[in-house]
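A quick write-up on the structure given underneath.
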Amino acid sequence: MTIAIIGAGTLGTSLAGEFTRRGLECRVISRSELREPLPQGVEYVRADARDAPRLAQAIAGATVVLQTSQPAYTRWIQEFPLLQAAVLEATEKAGARLVLADNLYAYGGGDRGVITDATPETPCSRKGQLRKAMADDALAAHRAGRVQLALARPSNYIGAAYPLTRRLLTDRARAGKPMQVFGRVDQPHSFGYVPDVARAMADVALADDAYGRAWILPATGPITQRDLCDTLWTAAGQPGAAKIQALRGVAMTAVGMLNPLVRASREMLYEYEAPFIIHARDFEERFGWTATPIAEALAETAATSFTGANPNGSAAKARP
């Protein structure tokens, strides 16, 4: 069995490590040069996922394709549907199964209570409406017999391999600078720990009965951003309570005037303004495991972040 992973970002490289540990042949496809090494033995192919014919060549021979790539966050509305359409076309041509990395935006605001697979999809943002439309289109392709596919829906990432964890939290804690978070610091939030997300997506990809639906993936027990920051601050060897800069309201508007990514994130602030708690009940019943406890996830994040260890493994072999 050969696994093809589209995208060499946080999730793509973590998935490569997960499948390699399971003894499966793995290929990573990206249009850009690798930013970080892939696990030893993973094949690397340069190809633009927006080019369906070229992508079909790159994934030829794969049994399962996992799509983790995405446009720049500021260009989702304009570019994401076209990217997904190309991936669907290429995977159909290759005769492979497909697992799409989705998210929880379609479920709407933090006033929903606990979010489960049974929660109605009522998006409250442009990006949420986009993700719902893309998910609906993908599942329609499955029902039409074009390609067998499943959608994987993790919560907001956290982990040493995730650039925002490093840039906004651990790197700043190491330097004694205020750690940066979006929204309120006192609301409980469930996070998608990157190793859990990779493990869960791999489980879905390899299960014959997992296709034809979306799966909410295991998320950590809820923690406030204040407690999260205090934990990492202490692990970094800093004294006292964590220094925290919470971006919301006027402060976020001001930063967003200069930072397009922050500006594009404003509509998603609702996820951190009220409790955002995730239960992956369907997944846990089918696959028999739950998320890494948050204390353990933060301890592992700190251990990697503050020792300089590479969370993604060693170099891959490449072909044009």
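Lettering and numbering for the structure tokens are positional, with chains as A, B, ... in the shown order, residues counted from 1 in each chain, and ligands counted from 1 in the shown order.
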
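Using only C-alpha atoms, the protein and nucleic acid residues lying no more than 8 Å from Thr10 in chain A, apart from those fewer than 6 places from it along its own chain, are Ala161, Tyr162, Pro163 and Val194 of chain A.
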
Next, write the just-selected residues to a file, as a PDB file, in the first residue's frame, keeping all heavy atoms as the atom set.
```
ATOM      1  N   ALA A 161       5.243  20.847  16.698  1.00  0.00           N
ATOM      2  CA  ALA A 161       5.422  20.886  15.249  1.00  0.00           C
ATOM      3  C   ALA A 161       4.633  22.006  14.590  1.00  0.00           C
ATOM      4  O   ALA A 161       4.841  22.288  13.408  1.00  0.00           O
ATOM      5  CB  ALA A 161       5.005  19.540  14.633  1.00  0.00           C
ATOM      6  N   TYR A 162       3.740  22.651  15.326  1.00  0.00           N
ATOM      7  CA  TYR A 162       2.860  23.654  14.741  1.00  0.00           C
ATOM      8  C   TYR A 162       3.507  25.032  14.811  1.00  0.00           C
ATOM      9  O   TYR A 162       3.832  25.508  15.896  1.00  0.00           O
ATOM     10  CB  TYR A 162       1.529  23.651  15.486  1.00  0.00           C
ATOM     11  CG  TYR A 162       0.469  24.551  14.894  1.00  0.00           C
ATOM     12  CD1 TYR A 162       0.264  24.629  13.530  1.00  0.00           C
ATOM     13  CD2 TYR A 162      -0.345  25.312  15.720  1.00  0.00           C
ATOM     14  CE1 TYR A 162      -0.717  25.440  12.987  1.00  0.00           C
ATOM     15  CE2 TYR A 162      -1.335  26.132  15.190  1.00  0.00           C
ATOM     16  CZ  TYR A 162      -1.517  26.188  13.825  1.00  0.00           C
ATOM     17  OH  TYR A 162      -2.484  27.008  13.301  1.00  0.00           O
ATOM     18  N   PRO A 163       3.705  25.711  13.673  1.00  0.00           N
ATOM     19  CA  PRO A 163       4.424  26.986  13.684  1.00  0.00           C
ATOM     20  C   PRO A 163       3.806  28.047  14.589  1.00  0.00           C
ATOM     21  O   PRO A 163       4.530  28.818  15.217  1.00  0.00           O
ATOM     22  CB  PRO A 163       4.382  27.422  12.211  1.00  0.00           C
ATOM     23  CG  PRO A 163       4.276  26.153  11.447  1.00  0.00           C
ATOM     24  CD  PRO A 163       3.426  25.257  12.283  1.00  0.00           C
ATOM     25  N   VAL A 194      -1.358  17.905  17.627  1.00  0.00           N
ATOM     26  CA  VAL A 194      -0.945  17.490  16.285  1.00  0.00           C
ATOM     27  C   VAL A 194      -0.664  15.986  16.174  1.00  0.00           C
ATOM     28  O   VAL A 194      -1.135  15.338  15.220  1.00  0.00           O
ATOM     29  CB  VAL A 194       0.257  18.329  15.802  1.00  0.00           C
ATOM     30  CG1 VAL A 194       0.819  17.764  14.499  1.00  0.00           C
ATOM     31  CG2 VAL A 194      -0.162  19.792  15.598  1.00  0.00           C
TER      32      VAL A 194
END
```

| message | Among range 20-162 of chain A, which ones does DSSP assign to alpha helix (DSSP H) (computed from the backbone)? Answer as a ChimeraX atom specification. | response | /A:20-21,52-59,76-94,126-143

C-alpha atoms of the current selection, written as an mmCIF file, in the first residue's frame:
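The new file selection_17.cif reads:
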```
data_model
loop_
_atom_site.group_PDB
_atom_site.id
_atom_site.type_symbol
_atom_site.label_atom_id
_atom_site.label_comp_id
_atom_site.auth_asym_id
_atom_site.auth_seq_id
_atom_site.Cartn_x
_atom_site.Cartn_y
_atom_site.Cartn_z
ATOM 1 C CA THR A 20 6.170 5.522 8.337
ATOM 2 C CA ARG A 21 5.885 4.241 11.902
ATOM 3 C CA ALA A 52 -4.981 18.454 -11.681
ATOM 4 C CA PRO A 53 -3.131 16.631 -14.512
ATOM 5 C CA ARG A 54 0.266 17.078 -12.837
ATOM 6 C CA LEU A 55 -1.171 16.108 -9.462
ATOM 7 C CA ALA A 56 -2.675 12.954 -10.969
ATOM 8 C CA GLN A 57 0.826 12.002 -12.155
ATOM 9 C CA ALA A 58 2.258 12.696 -8.705
ATOM 10 C CA ILE A 59 -0.267 10.498 -6.890
ATOM 11 C CA TRP A 76 -9.216 31.059 1.140
ATOM 12 C CA ILE A 77 -12.384 32.467 -0.405
ATOM 13 C CA GLN A 78 -10.776 33.015 -3.798
ATOM 14 C CA GLU A 79 -8.584 29.912 -4.071
ATOM 15 C CA PHE A 80 -9.680 27.051 -1.805
ATOM 16 C CA PRO A 81 -12.622 25.748 -3.907
ATOM 17 C CA LEU A 82 -10.415 25.602 -6.999
ATOM 18 C CA LEU A 83 -7.730 23.712 -5.087
ATOM 19 C CA GLN A 84 -10.212 21.149 -3.785
ATOM 20 C CA ALA A 85 -11.749 20.682 -7.231
ATOM 21 C CA ALA A 86 -8.301 19.898 -8.656
ATOM 22 C CA VAL A 87 -7.596 17.403 -5.875
ATOM 23 C CA LEU A 88 -10.935 15.648 -6.420
ATOM 24 C CA GLU A 89 -10.310 15.443 -10.173
ATOM 25 C CA ALA A 90 -6.778 14.106 -9.764
ATOM 26 C CA THR A 91 -7.728 11.526 -7.129
ATOM 27 C CA GLU A 92 -10.655 10.313 -9.216
ATOM 28 C CA LYS A 93 -8.333 9.886 -12.197
ATOM 29 C CA ALA A 94 -5.805 7.998 -10.073
ATOM 30 C CA ARG A 126 -17.460 33.499 5.620
ATOM 31 C CA LYS A 127 -14.755 30.895 6.109
ATOM 32 C CA GLY A 128 -17.243 28.628 7.871
ATOM 33 C CA GLN A 129 -19.701 28.956 5.005
ATOM 34 C CA LEU A 130 -16.875 28.161 2.598
ATOM 35 C CA ARG A 131 -15.792 25.049 4.490
ATOM 36 C CA LYS A 132 -19.374 23.786 4.689
ATOM 37 C CA ALA A 133 -19.881 24.305 0.957
ATOM 38 C CA MET A 134 -16.606 22.526 0.191
ATOM 39 C CA ALA A 135 -17.512 19.629 2.485
ATOM 40 C CA ASP A 136 -20.951 19.323 0.903
ATOM 41 C CA ASP A 137 -19.390 19.275 -2.570
ATOM 42 C CA ALA A 138 -16.883 16.615 -1.528
ATOM 43 C CA LEU A 139 -19.513 14.332 -0.009
ATOM 44 C CA ALA A 140 -21.662 14.791 -3.107
ATOM 45 C CA ALA A 141 -18.715 13.521 -5.172
ATOM 46 C CA HIS A 142 -18.560 10.462 -2.913
ATOM 47 C CA ARG A 143 -22.299 9.788 -3.279
#
```

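Checking A:Arg167, A:Asp230, A:Thr122, A:Thr68 one by one against Leu298 in chain A, counting only C-alpha atoms, you find the shortest gap at A:Asp230.
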
| request: Write down as a ChimeraX atom specification the residues of range 8-134 of chain A whose backbone DSSP state falls under strand (DSSP E or B). | output: /A:25-30,43-46,64-67,97-101,114-115

Please identify all polymer residues within 7 Å of Met1 in chain A, counting only C-alpha atoms, omitting same-chain residues fewer than 6 positions from it, and present them as an mmCIF file with all heavy atoms, in the first residue's frame.
```
data_model
loop_
_atom_site.group_PDB
_atom_site.id
_atom_site.type_symbol
_atom_site.label_atom_id
_atom_site.label_comp_id
_atom_site.auth_asym_id
_atom_site.auth_seq_id
_atom_site.Cartn_x
_atom_site.Cartn_y
_atom_site.Cartn_z
ATOM 1 N N LEU A 24 4.319 1.753 6.344
ATOM 2 C CA LEU A 24 3.722 1.945 5.030
ATOM 3 C C LEU A 24 4.582 2.854 4.167
ATOM 4 O O LEU A 24 5.224 3.784 4.656
ATOM 5 C CB LEU A 24 2.325 2.551 5.177
ATOM 6 C CG LEU A 24 1.308 1.663 5.902
ATOM 7 C CD1 LEU A 24 0.000 2.410 6.108
ATOM 8 C CD2 LEU A 24 1.059 0.369 5.129
ATOM 9 N N GLU A 25 4.575 2.586 2.850
ATOM 10 C CA GLU A 25 5.285 3.431 1.911
ATOM 11 C C GLU A 25 4.552 4.765 1.792
ATOM 12 O O GLU A 25 3.330 4.800 1.640
ATOM 13 C CB GLU A 25 5.346 2.735 0.554
ATOM 14 C CG GLU A 25 6.110 3.493 -0.507
ATOM 15 C CD GLU A 25 6.183 2.706 -1.801
ATOM 16 O OE1 GLU A 25 6.304 1.463 -1.747
ATOM 17 O OE2 GLU A 25 6.102 3.340 -2.873
ATOM 18 N N THR A 63 -2.707 4.229 -3.002
ATOM 19 C CA THR A 63 -3.969 3.613 -2.588
ATOM 20 C C THR A 63 -4.880 4.634 -1.935
ATOM 21 O O THR A 63 -6.098 4.644 -2.155
ATOM 22 C CB THR A 63 -3.696 2.463 -1.600
ATOM 23 O OG1 THR A 63 -2.717 1.594 -2.147
ATOM 24 C CG2 THR A 63 -4.970 1.696 -1.302
#
```

| request: Do a neighbour search on range 184-192 of chain A at 8 Å with only C-alpha atoms, toss out local chain neighbours closer than 6 positions, and write the hits as a ChimeraX atom specification. | output: /A:154-158,217-226,246,248,272-278

| said: Residues within 12 Å of Arg266 in chain A, please, as an MDAnalysis selection string. Count only C-alpha atoms; anything in the same chain fewer than 5 positions from it doesn't count. | reply: chainID A and resid 73:74 125:127 182:183 247:257 259:261 271:273

Can you build me a table of range 164-233 of chain A residues sitting at most 7 Å from range 237-244 of chain A, with the closest atom pair per residue and its distance in Å to one decimal, using only C-alpha atoms, sorted by chain and residue number, as CSV?
```
residue,atom,partner,partner_atom,distance
A:Gly176,CA,A:Gln238,CA,6.7
A:Lys177,CA,A:Lys243,CA,6.8
A:Pro178,CA,A:Lys243,CA,4.4
A:Met179,CA,A:Ile244,CA,4.7
A:Gln180,CA,A:Ile244,CA,5.9
A:Cys229,CA,A:Ala242,CA,6.0
A:Asp230,CA,A:Ala242,CA,4.9
A:Trp233,CA,A:Ala242,CA,5.4
```

| Contacts of Glu33 in chain A at 12 Å (only C-alpha atoms; same-chain gap of 4+ positions) as a PyMOL selection string | chain A and resi 7-9+28-29+37-38+44-48+318+320

Once you have the residues from the selection above, write them out as a CSV table (one decimal), in the first residue's frame, restricted to N, CA, C and O atoms.
```csv
chain,number,residue,atom,x,y,z
A,7,GLY,N,0.7,18.2,0.6
A,7,GLY,CA,1.0,19.2,1.5
A,7,GLY,C,2.2,18.8,2.5
A,7,GLY,O,2.1,17.7,3.0
A,8,ALA,N,3.1,19.7,2.6
A,8,ALA,CA,4.3,19.4,3.5
A,8,ALA,C,4.3,20.3,4.7
A,8,ALA,O,5.4,20.7,5.2
A,9,GLY,N,3.2,20.8,5.2
A,9,GLY,CA,3.1,21.6,6.3
A,9,GLY,C,3.1,20.8,7.6
A,9,GLY,O,3.5,19.6,7.6
A,28,VAL,N,5.1,12.4,-0.1
A,28,VAL,CA,4.6,13.7,0.2
A,28,VAL,C,4.8,14.6,-1.0
A,28,VAL,O,5.8,14.6,-1.7
A,29,ILE,N,3.7,15.3,-1.4
A,29,ILE,CA,3.6,16.1,-2.6
A,29,ILE,C,3.5,17.6,-2.2
A,29,ILE,O,2.5,17.9,-1.4
A,37,PRO,N,12.7,18.9,7.5
A,37,PRO,CA,12.9,17.5,7.0
A,37,PRO,C,11.7,16.6,7.2
A,37,PRO,O,10.9,16.8,8.2
A,38,LEU,N,11.5,15.6,6.3
A,38,LEU,CA,10.5,14.6,6.4
A,38,LEU,C,11.2,13.4,7.0
A,38,LEU,O,12.4,13.2,7.0
A,44,TYR,N,9.6,12.4,-1.7
A,44,TYR,CA,9.1,13.8,-1.8
A,44,TYR,C,9.0,14.2,-3.3
A,44,TYR,O,9.9,14.0,-4.1
A,45,VAL,N,7.8,14.7,-3.7
A,45,VAL,CA,7.6,15.0,-5.1
A,45,VAL,C,7.1,16.5,-5.2
A,45,VAL,O,6.2,16.9,-4.5
A,46,ARG,N,7.8,17.2,-6.1
A,46,ARG,CA,7.3,18.6,-6.4
A,46,ARG,C,6.2,18.6,-7.3
A,46,ARG,O,6.3,18.2,-8.5
A,47,ALA,N,5.1,19.2,-6.9
A,47,ALA,CA,3.9,19.3,-7.8
A,47,ALA,C,2.9,20.3,-7.2
A,47,ALA,O,2.8,20.4,-6.0
A,48,ASP,N,2.3,21.0,-8.1
A,48,ASP,CA,1.3,22.0,-7.6
A,48,ASP,C,-0.1,21.4,-7.6
A,48,ASP,O,-0.6,20.9,-8.6
A,318,ALA,N,14.0,12.4,-2.5
A,318,ALA,CA,13.2,13.2,-3.4
A,318,ALA,C,13.3,12.8,-4.8
A,318,ALA,O,14.3,12.2,-5.2
A,320,PRO,N,12.0,14.4,-8.9
A,320,PRO,CA,11.3,15.6,-9.5
A,320,PRO,C,9.9,15.4,-9.8
A,320,PRO,O,9.4,14.2,-9.9
```

| query | Smallest atom-to-atom distance to Arg27 in chain A: which of A:Val42, A:Ala106, A:Ala144, A:Ala297, using only C-alpha atoms? | reply | A:Val42

| message | Can you tell me which residues surround Gly23 in chain A at a distance of at most 12 Å, considering only C-alpha atoms, apart from same-chain residues fewer than 3 positions away, and format the answer as a PyMOL selection string? | response | chain A and resi 1-3+16-20+26+40-42

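We find CA of Thr116 in chain A and CA of Glu285 in chain A to be spaced 12.7 Å apart.
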
| task | Choose the residue, out of A:Ala291, A:Val64, A:Leu11, A:Leu34, that has the smallest atom-to-atom separation from Asp196 in chain A; count only C-alpha atoms. | result | A:Ala291
